[in-house]
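Student: Just one file: protein_7.csv, with CSV, C-alpha atoms.
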```csv
chain,number,residue,atom,x,y,z
M,9,MET,CA,68.9,-10.2,132.8
M,10,VAL,CA,68.2,-7.1,130.8
M,11,ARG,CA,71.6,-7.4,129.1
M,12,ARG,CA,70.9,-11.1,128.2
M,13,ALA,CA,67.6,-10.0,126.7
M,14,GLY,CA,69.3,-7.4,124.7
M,15,ILE,CA,71.8,-9.9,123.2
M,16,GLY,CA,68.9,-12.2,122.4
M,17,ALA,CA,67.0,-9.4,120.7
M,18,THR,CA,70.1,-8.5,118.7
M,19,LEU,CA,70.6,-12.1,117.6
M,20,ALA,CA,66.9,-12.5,116.7
M,21,SER,CA,66.9,-9.3,114.6
M,22,GLY,CA,70.1,-10.4,112.9
M,23,MET,CA,68.6,-13.7,112.0
M,24,ILE,CA,65.4,-12.1,110.7
M,25,PHE,CA,67.4,-9.7,108.6
M,26,SER,CA,69.5,-12.6,107.2
M,27,ILE,CA,66.4,-14.5,106.3
M,28,ILE,CA,65.0,-11.5,104.5
M,29,LEU,CA,68.3,-11.0,102.7
M,30,VAL,CA,68.4,-14.7,101.6
M,31,SER,CA,64.7,-14.5,100.6
M,32,ASN,CA,65.3,-11.4,98.5
M,33,PHE,CA,68.1,-13.1,96.6
M,34,ALA,CA,66.0,-16.2,96.1
M,35,VAL,CA,63.1,-14.2,94.8
M,36,TYR,CA,65.4,-12.1,92.6
M,37,TYR,CA,67.1,-15.1,91.0
M,38,ALA,CA,63.7,-17.0,90.7
M,39,SER,CA,62.3,-13.9,89.0
M,40,ALA,CA,65.3,-13.6,86.7
M,41,GLY,CA,65.0,-17.3,85.8
M,42,ARG,CA,61.3,-16.9,85.1
M,43,ALA,CA,62.0,-13.9,82.9
M,44,ALA,CA,64.6,-15.9,81.0
M,45,SER,CA,62.2,-18.8,80.6
M,46,TYR,CA,59.5,-16.4,79.2
M,47,THR,CA,62.0,-14.9,76.8
M,48,GLN,CA,63.0,-18.4,75.6
M,49,ALA,CA,59.3,-19.3,75.2
M,50,ASN,CA,58.7,-16.1,73.4
M,51,ILE,CA,61.5,-16.8,70.9
M,52,GLU,CA,60.3,-20.4,70.4
M,53,ASP,CA,56.7,-19.1,69.9
M,54,TRP,CA,57.9,-16.5,67.3
M,55,PHE,CA,59.9,-19.2,65.4
M,56,TYR,CA,56.8,-21.4,65.3
M,57,ASP,CA,54.4,-18.6,64.2
M,58,GLN,CA,56.7,-17.0,61.7
M,59,GLY,CA,57.6,-20.5,60.4
M,60,VAL,CA,53.9,-21.1,59.6
M,61,VAL,CA,53.6,-17.7,57.9
M,62,MET,CA,56.7,-18.3,55.8
M,63,GLU,CA,55.4,-21.7,54.7
M,64,GLY,CA,52.1,-20.0,53.7
M,65,ALA,CA,53.9,-17.4,51.5
M,66,ALA,CA,56.3,-19.9,50.1
M,67,ALA,CA,53.4,-22.2,49.2
M,68,ILE,CA,51.4,-19.4,47.4
M,69,ASN,CA,54.4,-18.0,45.5
M,70,PRO,CA,54.9,-21.0,43.1
M,71,LEU,CA,51.1,-21.0,42.5
M,72,VAL,CA,51.2,-17.4,41.5
M,73,GLY,CA,54.2,-18.1,39.2
M,74,LEU,CA,52.4,-21.0,37.7
M,75,GLN,CA,49.2,-19.0,37.1
M,76,SER,CA,51.2,-16.3,35.4
M,77,PHE,CA,53.0,-18.9,33.2
M,78,LEU,CA,49.9,-20.8,32.2
M,79,GLY,CA,47.7,-17.8,31.7
M,80,ALA,CA,50.2,-15.9,29.5
M,81,ASN,CA,50.3,-17.9,26.3
M,82,PRO,CA,48.8,-21.1,24.9
M,83,LEU,CA,51.0,-24.1,25.5
M,84,ASP,CA,51.4,-27.0,23.0
M,85,CYS,CA,49.1,-29.9,23.9
M,86,ARG,CA,51.9,-32.4,23.5
M,87,SER,CA,54.4,-30.7,25.8
M,88,ALA,CA,52.2,-28.8,28.2
M,89,SER,CA,52.8,-31.1,31.2
M,90,SER,CA,56.6,-31.3,30.8
M,91,ASN,CA,56.7,-27.5,30.3
M,92,ALA,CA,54.7,-26.9,33.4
M,93,ALA,CA,56.9,-29.3,35.4
M,94,ALA,CA,60.0,-27.4,34.3
M,95,VAL,CA,58.5,-24.1,35.3
M,96,ILE,CA,57.4,-25.4,38.6
M,97,GLN,CA,61.0,-26.6,39.4
M,98,SER,CA,62.2,-23.1,38.7
M,99,LEU,CA,59.8,-21.7,41.2
M,100,SER,CA,61.7,-23.1,44.2
M,101,GLU,CA,62.8,-20.3,46.6
M,102,SER,CA,64.6,-19.2,49.7
M,103,ASP,CA,63.7,-16.5,52.2
M,104,SER,CA,64.9,-15.1,55.5
M,105,VAL,CA,63.0,-13.1,58.1
M,106,GLY,CA,64.5,-12.0,61.4
M,107,GLY,CA,67.0,-14.9,61.7
M,108,LEU,CA,64.6,-17.5,60.5
M,109,ASP,CA,65.6,-19.0,57.1
M,110,SER,CA,63.3,-21.0,54.8
M,111,ARG,CA,64.0,-23.0,51.7
M,112,MET,CA,61.2,-24.5,49.5
M,113,VAL,CA,61.6,-26.9,46.7
M,114,ALA,CA,58.6,-27.3,44.4
M,115,ARG,CA,57.9,-30.2,42.0
M,116,LEU,CA,54.9,-31.4,40.0
M,117,VAL,CA,53.4,-34.6,41.2
M,118,GLU,CA,50.9,-37.1,39.9
M,119,SER,CA,47.4,-36.1,40.5
M,120,GLY,CA,45.9,-36.9,44.0
M,121,PRO,CA,43.7,-37.1,45.9
M,122,ARG,CA,45.9,-36.2,48.9
M,123,SER,CA,44.8,-34.0,51.8
M,124,ASP,CA,46.9,-31.5,53.6
M,125,ASN,CA,46.7,-29.5,56.8
M,126,LEU,CA,48.3,-26.3,55.6
M,127,SER,CA,45.2,-24.3,56.2
M,128,ILE,CA,46.8,-20.9,55.6
M,129,VAL,CA,46.8,-21.6,51.8
M,130,ALA,CA,43.1,-22.6,51.6
M,131,PRO,CA,41.5,-23.2,49.1
M,132,PHE,CA,44.7,-24.3,47.3
M,133,GLY,CA,45.8,-26.8,49.9
M,134,GLY,CA,46.0,-30.5,49.2
M,135,ALA,CA,46.2,-32.3,46.0
M,136,PRO,CA,42.7,-33.1,44.6
M,137,ASN,CA,42.1,-35.4,41.8
M,138,GLY,CA,42.4,-33.8,38.3
M,139,ALA,CA,44.1,-30.6,39.4
M,140,LEU,CA,47.7,-29.5,38.8
M,141,ASP,CA,49.3,-30.8,42.0
M,142,LEU,CA,52.5,-29.6,43.5
M,143,ALA,CA,54.6,-31.1,46.3
M,144,LEU,CA,56.5,-28.5,48.3
M,145,THR,CA,59.4,-29.5,50.5
M,146,PHE,CA,60.2,-27.0,53.2
M,147,GLN,CA,63.2,-26.6,55.5
M,148,ILE,CA,62.7,-23.8,58.0
M,149,GLY,CA,65.2,-23.1,60.8
M,150,GLY,CA,66.7,-20.5,63.0
M,151,GLU,CA,68.6,-20.1,66.3
M,152,GLY,CA,68.2,-17.8,69.3
M,153,PRO,CA,71.7,-18.2,70.6
M,154,ASN,CA,71.5,-16.2,73.8
M,155,TYR,CA,68.7,-18.4,75.1
M,156,GLY,CA,69.7,-21.7,73.6
M,157,VAL,CA,66.7,-21.9,71.3
M,158,SER,CA,67.1,-23.8,68.1
M,159,TYR,CA,64.3,-24.4,65.7
M,160,LEU,CA,64.2,-26.6,62.6
M,161,LYS,CA,61.4,-28.2,60.7
M,162,ASN,CA,61.3,-30.2,57.6
M,163,GLU,CA,57.9,-30.7,56.0
M,164,THR,CA,56.3,-31.6,52.8
M,165,HIS,CA,53.0,-30.1,51.8
M,166,PHE,CA,50.7,-30.5,48.8
M,167,VAL,CA,49.1,-27.5,47.0
M,168,ASN,CA,47.2,-27.2,43.8
M,169,LEU,CA,45.9,-25.0,41.0
M,170,PRO,CA,42.5,-26.2,39.8
M,171,VAL,CA,43.9,-26.5,36.2
M,172,ARG,CA,42.9,-29.7,34.5
M,173,LEU,CA,46.0,-29.7,32.3
M,174,ALA,CA,46.0,-33.4,31.6
M,175,GLU,CA,42.3,-33.4,30.6
M,176,ILE,CA,42.7,-30.4,28.4
M,177,ALA,CA,45.7,-31.9,26.7
M,178,GLY,CA,43.8,-35.2,26.3
M,179,ASP,CA,40.8,-33.5,24.7
M,180,CYS,CA,43.1,-31.5,22.4
M,181,LEU,CA,45.1,-34.5,21.1
M,182,ALA,CA,42.0,-36.6,20.7
M,183,ALA,CA,40.3,-33.8,18.7
M,184,ILE,CA,43.3,-33.6,16.4
M,185,SER,CA,43.2,-37.4,15.7
M,186,GLU,CA,39.4,-37.5,15.2
M,187,ILE,CA,39.3,-34.4,12.9
M,188,GLU,CA,42.2,-35.9,10.8
M,189,ALA,CA,40.3,-39.2,10.5
M,190,SER,CA,37.0,-37.5,9.7
M,191,ILE,CA,38.5,-35.3,7.0
M,192,ARG,CA,40.3,-38.2,5.4
M,193,SER,CA,37.0,-39.9,4.9
M,194,MET,CA,35.2,-36.8,3.5
M,195,PRO,CA,35.0,-36.4,-0.3
M,196,VAL,CA,35.2,-32.9,-1.6
M,197,THR,CA,34.6,-31.6,-5.1
M,198,ASN,CA,35.5,-28.0,-4.6
M,199,CYS,CA,38.5,-27.2,-2.5
M,200,THR,CA,37.7,-23.7,-1.5
M,201,GLU,CA,37.5,-22.4,2.0
M,202,SER,CA,33.8,-21.7,1.8
M,203,ALA,CA,33.1,-25.1,0.3
M,204,ILE,CA,35.0,-27.1,2.9
M,205,ALA,CA,34.0,-25.0,5.9
M,206,PRO,CA,30.8,-27.0,6.5
M,207,LEU,CA,32.8,-30.3,6.3
M,208,VAL,CA,35.3,-29.0,8.9
M,209,GLU,CA,32.4,-27.9,11.0
M,210,ALA,CA,30.9,-31.4,10.8
M,211,ALA,CA,34.3,-32.9,11.7
M,212,GLU,CA,34.6,-30.8,14.8
M,213,GLN,CA,31.2,-31.6,16.2
M,214,GLY,CA,32.3,-34.7,18.2
M,215,PRO,CA,35.4,-33.1,19.7
M,216,LYS,CA,33.5,-29.9,20.5
M,217,LEU,CA,30.8,-31.8,22.3
M,218,ARG,CA,33.3,-33.8,24.4
M,219,ALA,CA,35.2,-30.6,25.3
M,220,SER,CA,32.0,-29.0,26.3
M,221,THR,CA,31.0,-32.0,28.4
M,222,ASP,CA,34.4,-31.7,30.2
M,223,GLY,CA,33.8,-28.0,30.9
M,224,PHE,CA,36.1,-26.7,28.2
M,225,SER,CA,35.6,-24.8,24.9
M,226,LEU,CA,37.2,-25.9,21.6
M,227,GLY,CA,38.1,-23.7,18.7
M,228,LEU,CA,39.2,-24.8,15.2
M,229,PRO,CA,40.5,-22.3,12.7
M,230,PHE,CA,41.8,-23.9,9.4
M,231,TRP,CA,43.6,-22.9,6.3
M,232,VAL,CA,43.7,-24.5,2.9
M,233,LEU,CA,47.2,-25.5,2.1
M,234,GLY,CA,46.8,-26.7,-1.4
M,235,THR,CA,43.9,-27.3,-3.7
M,236,ALA,CA,45.6,-30.1,-5.7
M,237,GLY,CA,45.2,-32.6,-2.9
M,238,CYS,CA,42.8,-30.4,-0.9
M,239,THR,CA,44.9,-30.4,2.2
M,240,ILE,CA,44.1,-28.2,5.2
M,241,LEU,CA,46.1,-27.1,8.2
M,242,PHE,CA,44.0,-26.7,11.3
M,243,GLU,CA,44.6,-25.6,14.8
M,244,VAL,CA,42.8,-27.1,17.8
M,245,THR,CA,42.6,-24.8,20.8
M,246,VAL,CA,41.1,-26.2,24.0
M,247,LEU,CA,40.3,-23.6,26.7
M,248,GLN,CA,39.6,-23.9,30.4
M,249,GLN,CA,38.1,-20.6,31.6
M,250,GLY,CA,37.2,-19.1,34.9
M,251,ILE,CA,39.9,-20.9,36.9
M,252,ALA,CA,40.1,-19.5,40.4
M,253,GLY,CA,43.8,-18.6,40.9
M,254,PRO,CA,45.5,-17.1,43.9
M,255,VAL,CA,45.6,-13.7,42.1
M,256,GLY,CA,42.2,-13.9,40.5
M,257,PRO,CA,40.4,-15.9,37.8
M,258,PHE,CA,42.4,-16.9,34.7
M,259,SER,CA,42.1,-19.1,31.7
M,260,VAL,CA,44.4,-21.8,30.3
M,261,ALA,CA,44.6,-22.6,26.6
M,262,LEU,CA,46.4,-25.5,25.0
M,263,ARG,CA,46.7,-25.8,21.2
M,264,ASP,CA,48.2,-27.9,18.6
M,265,TRP,CA,48.2,-28.3,14.8
M,266,GLY,CA,47.0,-31.0,12.5
M,267,ILE,CA,47.2,-31.5,8.7
M,268,ALA,CA,44.6,-33.5,6.8
M,269,THR,CA,43.8,-34.2,3.2
M,270,PHE,CA,40.2,-34.8,2.0
M,271,GLU,CA,39.4,-38.1,0.4
M,272,GLN,CA,38.8,-37.0,-3.1
M,273,PRO,CA,40.9,-34.5,-4.9
M,274,PRO,CA,38.9,-31.4,-5.7
M,275,VAL,CA,37.3,-31.2,-9.1
M,276,GLN,CA,38.9,-28.3,-10.9
M,277,ALA,CA,36.4,-25.7,-11.9
M,278,ARG,CA,36.3,-25.1,-15.7
M,279,ALA,CA,37.1,-21.6,-16.8
Y,17,MET,CA,57.4,-9.8,106.1
Y,18,THR,CA,59.3,-12.1,103.7
Y,19,ALA,CA,56.1,-12.5,101.8
Y,20,LEU,CA,55.8,-8.8,101.4
Y,21,PHE,CA,59.2,-8.7,99.7
Y,22,ALA,CA,58.5,-11.8,97.7
Y,23,PHE,CA,55.4,-10.3,96.1
Y,24,ALA,CA,57.0,-7.0,95.2
Y,25,PRO,CA,57.2,-7.1,91.4
Y,26,THR,CA,60.7,-6.8,90.0
Y,27,PRO,CA,61.7,-5.4,86.6
Y,28,GLN,CA,62.0,-9.1,85.4
Y,29,ASP,CA,58.4,-9.7,86.4
Y,30,TYR,CA,57.3,-6.7,84.3
Y,31,ALA,CA,59.4,-8.1,81.4
Y,32,ALA,CA,57.8,-11.5,81.8
Y,33,ALA,CA,54.3,-10.1,81.8
Y,34,ALA,CA,55.1,-8.1,78.7
Y,35,GLN,CA,56.3,-11.3,77.0
Y,36,VAL,CA,53.1,-13.1,77.9
Y,37,SER,CA,51.3,-10.2,76.3
Y,38,GLU,CA,53.5,-10.6,73.2
Y,39,LEU,CA,52.7,-14.3,72.9
Y,40,HIS,CA,49.0,-13.5,73.1
Y,41,LEU,CA,49.2,-10.7,70.5
Y,42,ARG,CA,51.2,-12.9,68.1
Y,43,ASP,CA,48.7,-15.7,68.5
Y,44,GLU,CA,46.0,-13.2,67.6
Y,45,LEU,CA,48.0,-12.2,64.4
Y,46,LEU,CA,48.5,-15.8,63.4
Y,47,GLY,CA,44.9,-16.7,64.0
Y,48,TYR,CA,43.8,-13.7,61.9
Y,49,LEU,CA,46.1,-14.8,59.1
Y,50,GLN,CA,44.9,-18.4,59.2
Y,51,ARG,CA,41.3,-17.2,59.1
Y,52,GLN,CA,41.8,-14.9,56.2
Y,53,GLY,CA,44.3,-17.1,54.3
Y,54,ALA,CA,47.5,-16.2,52.5
Y,55,PRO,CA,45.7,-16.0,49.1
Y,56,TRP,CA,43.3,-13.4,50.5
Y,57,LEU,CA,46.2,-11.3,51.8
Y,58,LEU,CA,47.9,-11.5,48.5
Y,59,SER,CA,45.0,-10.5,46.3
Y,60,THR,CA,43.1,-8.0,48.4
Y,61,PRO,CA,43.7,-4.3,47.8
Y,62,SER,CA,45.6,-2.5,50.5
Y,63,GLN,CA,42.6,-0.6,51.7
Y,64,GLY,CA,40.7,-3.9,52.2
Y,65,VAL,CA,43.5,-5.4,54.3
Y,66,CYS,CA,43.7,-2.1,56.3
Y,67,LYS,CA,39.9,-2.2,57.0
Y,68,SER,CA,39.9,-5.8,57.9
Y,69,ILE,CA,42.8,-5.7,60.4
Y,70,SER,CA,41.5,-2.5,62.0
Y,71,GLU,CA,38.5,-4.5,63.1
Y,72,LEU,CA,40.7,-6.5,65.4
Y,73,SER,CA,41.8,-3.5,67.4
Y,74,ASN,CA,40.1,-2.9,70.8
Y,75,SER,CA,40.8,-1.0,74.0
Y,76,SER,CA,43.7,-3.2,75.1
Y,77,ALA,CA,45.5,-3.9,71.8
Y,78,SER,CA,45.9,-2.3,68.4
Y,79,PHE,CA,46.6,-4.1,65.1
Y,80,ASP,CA,48.2,-2.9,61.9
Y,81,ALA,CA,49.3,-4.1,58.5
Y,82,ASN,CA,52.3,-2.7,56.7
Y,83,ILE,CA,52.1,-3.5,53.0
Y,84,ASN,CA,55.2,-2.9,50.9
Y,85,GLY,CA,56.5,-0.5,53.6
Y,86,ILE,CA,53.3,1.5,53.9
Y,87,ALA,CA,51.5,1.1,57.2
Y,88,CYS,CA,47.7,1.4,57.6
Y,89,TYR,CA,47.8,2.6,61.2
Y,90,PRO,CA,51.4,3.1,62.3
Y,91,PRO,CA,52.2,2.2,65.9
Y,92,PRO,CA,52.8,5.2,68.2
Y,93,PRO,CA,56.4,6.1,68.8
Y,94,GLY,CA,58.1,3.8,71.3
Y,95,ALA,CA,55.3,1.1,71.2
Y,96,ALA,CA,56.6,-2.4,71.7
Y,97,THR,CA,55.2,-4.2,68.6
Y,98,VAL,CA,55.1,-7.9,67.7
Y,99,ASN,CA,54.9,-8.8,64.1
Y,100,LEU,CA,54.7,-11.5,61.6
Y,101,THR,CA,56.1,-11.0,58.1
Y,102,ILE,CA,54.6,-12.7,55.0
Y,103,ALA,CA,56.7,-12.2,51.9
Y,104,PHE,CA,55.0,-12.9,48.6
Y,105,SER,CA,56.8,-12.5,45.3
Y,106,ASP,CA,55.7,-9.0,44.8
Y,107,ARG,CA,54.0,-8.0,48.1
Y,108,ARG,CA,55.5,-7.9,51.5
Y,109,VAL,CA,53.0,-7.7,54.4
Y,110,VAL,CA,54.0,-7.2,58.0
Y,111,LEU,CA,51.2,-7.7,60.4
Y,112,GLU,CA,51.8,-5.8,63.6
Y,113,ALA,CA,50.2,-5.6,67.0
Y,114,TRP,CA,50.9,-3.7,70.2
Y,115,SER,CA,49.4,-3.5,73.6
Y,116,ALA,CA,47.7,-0.4,74.9
Y,117,GLU,CA,49.0,-1.2,78.4
Y,118,PRO,CA,52.5,0.0,79.1
Y,119,ALA,CA,55.2,-2.7,78.8
```
Reformat the file's structure so that it appears as structure tokens.
Tutor:
Amino acid sequence: MVRRAGIGATLASGMIFSIILVSNFAVYYASAGRAASYTQANIEDWFYDQGVVMEGAAAINPLVGLQSFLGANPLDCRSASSNAAAVIQSLSESDSVGGLDSRMVARLVESGPRSDNLSIVAPFGGAPNGALDLALTFQIGGEGPNYGVSYLKNETHFVNLPVRLAEIAGDCLAAISEIEASIRSMPVTNCTESAIAPLVEAAEQGPKLRASTDGFSLGLPFWVLGTAGCTILFEVTVLQQGIAGPVGPFSVALRDWGIATFEQPPVQARA
Amino acid sequence: MTALFAFAPTPQDYAAAAQVSELHLRDELLGYLQRQGAPWLLSTPSQGVCKSISELSNSSASFDANINGIACYPPPPGAATVNLTIAFSDRRVVLEAWSAEPA
């Protein structure tokens, strides 16, 4: 009887020990699997977060480049938009951070309005009406090969610089036409700079007022080219000031030239 | 008895807990960046960025910004840091965070 009980106890303890052993393995493998899942989730999370950050930087960089270009020197009124478009295309870029690669292609687009959800670039996100609007196409991808994580996103976002380039150019070209027309209808008797200055000033009143109404300032230096026909060369500069850029406020100036001849040839002064 | 063994934390459990902490810290960094905005991070002087990010630090986590290779408040040796890198044309900012609790 005692012997039988001893065998039973031995069998029971063996079974319990086996159960504990199996449980330990189960717990060990479950725990290892959980750790792998967390690592996988961690890599995915890093890809997502770092991808958002890379988009933010890649969206700001072309705006900085554009601000630098527009703020550096006056552009011609007639070619400002095409020059800006060419510069924007050259601001496309690639980057790589910790195995995550990004490629961004920038292009100028017709003015909006279009909204955008890239909040990290506020207040330059979206494509409002009248601003210089850029479409940025992103491809961001990476792989975490040991954990089977692969990440790829293709997105297009709109960003803007609040530069009213088309309006500035429009005011500039309109001013040149108006000033040329005004001067052609103004008779002069004395083709000296001091004598025609009031006439040029009168001719620029309308364009100056319109530029001011649009929030710009307009300058108009002129030079007398020849007294025989009383022809002047004038330069119209239209300036948008105090533009909030990603690296601080800046100004954009567009300028172009006009040549106009007064209606009457100047009366030659007698010696 | 089995339950006692099952609840004993393994090294993997510690690793998993550390990774949860990393997720949390990185979310904090991304949230900070989205609140401040990339233009702010680009145009603010280094001292301003350092002061701003130091305000995130608390008893359980520390935060740092490394701007063009210069850290505001470098992590202690051996600290397990999480980071997000934002590379502007002429400024590279690495936002870092680490937990005060041992990993």
Student: In Å, rounded to a single decimal, give me how far atom CA of Ala261 of chain M is from atom CA of Ala177 of chain M.
Tutor: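 Result for atom CA of Ala177 of chain M versus atom CA of Ala261 of chain M: 9.4 Å, one decimal.
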Student: Take atom CA of Asn137 of chain M and atom CA of Pro121 of chain M and report the distance between them in Å, one decimal.
Tutor: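 Atom CA of Asn137 of chain M sits 4.7 Å away from atom CA of Pro121 of chain M.
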Student: For atom CA of Ile128 of chain M and atom CA of Lys67 of chain Y, quote the distance in Å rounded to one decimal.
Tutor: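 Going from atom CA of Ile128 of chain M over to atom CA of Lys67 of chain Y covers 20.0 Å.
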Student: Counting only C-alpha atoms, which residue out of M:Gly253, M:Gly178, M:Lys161, M:Gly266 sits closest to chain Y?
Tutor: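 When distances to chain Y are compared using only C-alpha atoms, the smallest one comes from M:Gly253.
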Student: Skipping near chain neighbours, those fewer than 2 positions away, what residues fall within 10 Å of Asp80 of chain Y using all atoms listed in the file, listed as a PyMOL selection string?
Tutor: chain Y and resi 45+65-73+78+82-83+87-91+97+99+110-114
Student: Which residues are close to segment 108-118 of chain M, i.e. within 9 Å by all atoms listed in the file, leaving aside same-chain residues fewer than 4 positions away? Reply as JSON, numbers by chain.
Tutor: {"M": [55, 58, 59, 62, 63, 66, 67, 70, 92, 93, 94, 96, 97, 98, 99, 100, 101, 102, 103, 104, 135, 140, 141, 142, 143, 144, 145, 146, 147, 148, 149, 150, 151, 159]}
Student: Return the single residue from M:Ser127, M:Ser76, M:Gln248, M:Ser193 that is closest to chain Y, with distances computed using only C-alpha atoms.
Tutor: M:Ser127
Student: For a cutoff of 12 Å around the file-coordinate point (41.4, -32.9, 18.9), which residues qualify once you count only C-alpha atoms? I'd like the result as number ranges by chain.
Tutor: M: 85-86, 175-190, 211-219, 225-228, 242-246, 262-267
Student: Could you save those same residues with C-alpha atoms as a short mmCIF file (atom, residue, chain, number, x, y, z; two decimals), in the coordinates of the input?
Tutor:
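As written to disk, result_22.cif reads:
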```
data_model
loop_
_atom_site.label_atom_id
_atom_site.label_comp_id
_atom_site.auth_asym_id
_atom_site.auth_seq_id
_atom_site.Cartn_x
_atom_site.Cartn_y
_atom_site.Cartn_z
CA CYS M 85 49.10 -29.90 23.90
CA ARG M 86 51.90 -32.40 23.50
CA GLU M 175 42.30 -33.40 30.60
CA ILE M 176 42.70 -30.40 28.40
CA ALA M 177 45.70 -31.90 26.70
CA GLY M 178 43.80 -35.20 26.30
CA ASP M 179 40.80 -33.50 24.70
CA CYS M 180 43.10 -31.50 22.40
CA LEU M 181 45.10 -34.50 21.10
CA ALA M 182 42.00 -36.60 20.70
CA ALA M 183 40.30 -33.80 18.70
CA ILE M 184 43.30 -33.60 16.40
CA SER M 185 43.20 -37.40 15.70
CA GLU M 186 39.40 -37.50 15.20
CA ILE M 187 39.30 -34.40 12.90
CA GLU M 188 42.20 -35.90 10.80
CA ALA M 189 40.30 -39.20 10.50
CA SER M 190 37.00 -37.50 9.70
CA ALA M 211 34.30 -32.90 11.70
CA GLU M 212 34.60 -30.80 14.80
CA GLN M 213 31.20 -31.60 16.20
CA GLY M 214 32.30 -34.70 18.20
CA PRO M 215 35.40 -33.10 19.70
CA LYS M 216 33.50 -29.90 20.50
CA LEU M 217 30.80 -31.80 22.30
CA ARG M 218 33.30 -33.80 24.40
CA ALA M 219 35.20 -30.60 25.30
CA SER M 225 35.60 -24.80 24.90
CA LEU M 226 37.20 -25.90 21.60
CA GLY M 227 38.10 -23.70 18.70
CA LEU M 228 39.20 -24.80 15.20
CA PHE M 242 44.00 -26.70 11.30
CA GLU M 243 44.60 -25.60 14.80
CA VAL M 244 42.80 -27.10 17.80
CA THR M 245 42.60 -24.80 20.80
CA VAL M 246 41.10 -26.20 24.00
CA LEU M 262 46.40 -25.50 25.00
CA ARG M 263 46.70 -25.80 21.20
CA ASP M 264 48.20 -27.90 18.60
CA TRP M 265 48.20 -28.30 14.80
CA GLY M 266 47.00 -31.00 12.50
CA ILE M 267 47.20 -31.50 8.70
#
```
Student: May I ask which of the residues M:Ala88, M:Leu83, M:Val157, M:Val129 is the closest one to chain Y, counting all atoms listed in the file?
Tutor: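 The closest residue to chain Y is M:Val129.
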Student: Between M:Gly16, M:Val255, M:Gly134, M:Asn81, single out the one closest to chain Y, counting only C-alpha atoms.
Tutor: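 Checking each candidate against chain Y, we get M:Val255 as the closest.
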Student: Output requested as a PDB file, in the frame of the given file - segment 54-67 of chain Y, filled out with N, CA and C atoms.
Tutor:
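Wrote result.pdb, looks like this:
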```pdb
ATOM      1  N   ALA Y  54      46.422 -16.855  53.225  1.00  0.00           N
ATOM      2  CA  ALA Y  54      47.500 -16.200  52.500  1.00  0.00           C
ATOM      3  C   ALA Y  54      46.974 -15.671  51.109  1.00  0.00           C
ATOM      4  N   PRO Y  55      46.163 -16.469  50.373  1.00  0.00           N
ATOM      5  CA  PRO Y  55      45.700 -16.000  49.100  1.00  0.00           C
ATOM      6  C   PRO Y  55      44.889 -14.691  49.184  1.00  0.00           C
ATOM      7  N   TRP Y  56      44.097 -14.593  50.248  1.00  0.00           N
ATOM      8  CA  TRP Y  56      43.300 -13.400  50.500  1.00  0.00           C
ATOM      9  C   TRP Y  56      44.240 -12.183  50.694  1.00  0.00           C
ATOM     10  N   LEU Y  57      45.251 -12.389  51.522  1.00  0.00           N
ATOM     11  CA  LEU Y  57      46.200 -11.300  51.800  1.00  0.00           C
ATOM     12  C   LEU Y  57      46.960 -10.860  50.614  1.00  0.00           C
ATOM     13  N   LEU Y  58      47.175 -11.787  49.704  1.00  0.00           N
ATOM     14  CA  LEU Y  58      47.900 -11.500  48.500  1.00  0.00           C
ATOM     15  C   LEU Y  58      47.061 -10.698  47.488  1.00  0.00           C
ATOM     16  N   SER Y  59      45.799 -11.081  47.363  1.00  0.00           N
ATOM     17  CA  SER Y  59      45.000 -10.500  46.300  1.00  0.00           C
ATOM     18  C   SER Y  59      44.081  -9.387  46.671  1.00  0.00           C
ATOM     19  N   THR Y  60      43.957  -9.116  47.969  1.00  0.00           N
ATOM     20  CA  THR Y  60      43.100  -8.000  48.400  1.00  0.00           C
ATOM     21  C   THR Y  60      43.783  -6.693  48.334  1.00  0.00           C
ATOM     22  N   PRO Y  61      43.114  -5.657  47.796  1.00  0.00           N
ATOM     23  CA  PRO Y  61      43.700  -4.300  47.800  1.00  0.00           C
ATOM     24  C   PRO Y  61      44.110  -3.859  49.175  1.00  0.00           C
ATOM     25  N   SER Y  62      45.122  -3.014  49.244  1.00  0.00           N
ATOM     26  CA  SER Y  62      45.600  -2.500  50.500  1.00  0.00           C
ATOM     27  C   SER Y  62      44.528  -2.011  51.450  1.00  0.00           C
ATOM     28  N   GLN Y  63      43.622  -1.232  50.859  1.00  0.00           N
ATOM     29  CA  GLN Y  63      42.600  -0.600  51.700  1.00  0.00           C
ATOM     30  C   GLN Y  63      41.711  -1.706  52.345  1.00  0.00           C
ATOM     31  N   GLY Y  64      41.474  -2.789  51.609  1.00  0.00           N
ATOM     32  CA  GLY Y  64      40.700  -3.900  52.200  1.00  0.00           C
ATOM     33  C   GLY Y  64      41.387  -4.578  53.317  1.00  0.00           C
ATOM     34  N   VAL Y  65      42.705  -4.739  53.188  1.00  0.00           N
ATOM     35  CA  VAL Y  65      43.500  -5.400  54.300  1.00  0.00           C
ATOM     36  C   VAL Y  65      43.479  -4.429  55.488  1.00  0.00           C
ATOM     37  N   CYS Y  66      43.658  -3.119  55.237  1.00  0.00           N
ATOM     38  CA  CYS Y  66      43.700  -2.100  56.300  1.00  0.00           C
ATOM     39  C   CYS Y  66      42.353  -2.165  57.103  1.00  0.00           C
ATOM     40  N   LYS Y  67      41.272  -2.170  56.345  1.00  0.00           N
ATOM     41  CA  LYS Y  67      39.900  -2.200  57.000  1.00  0.00           C
ATOM     42  C   LYS Y  67      39.736  -3.422  57.798  1.00  0.00           C
TER      43      LYS Y  67
END
```
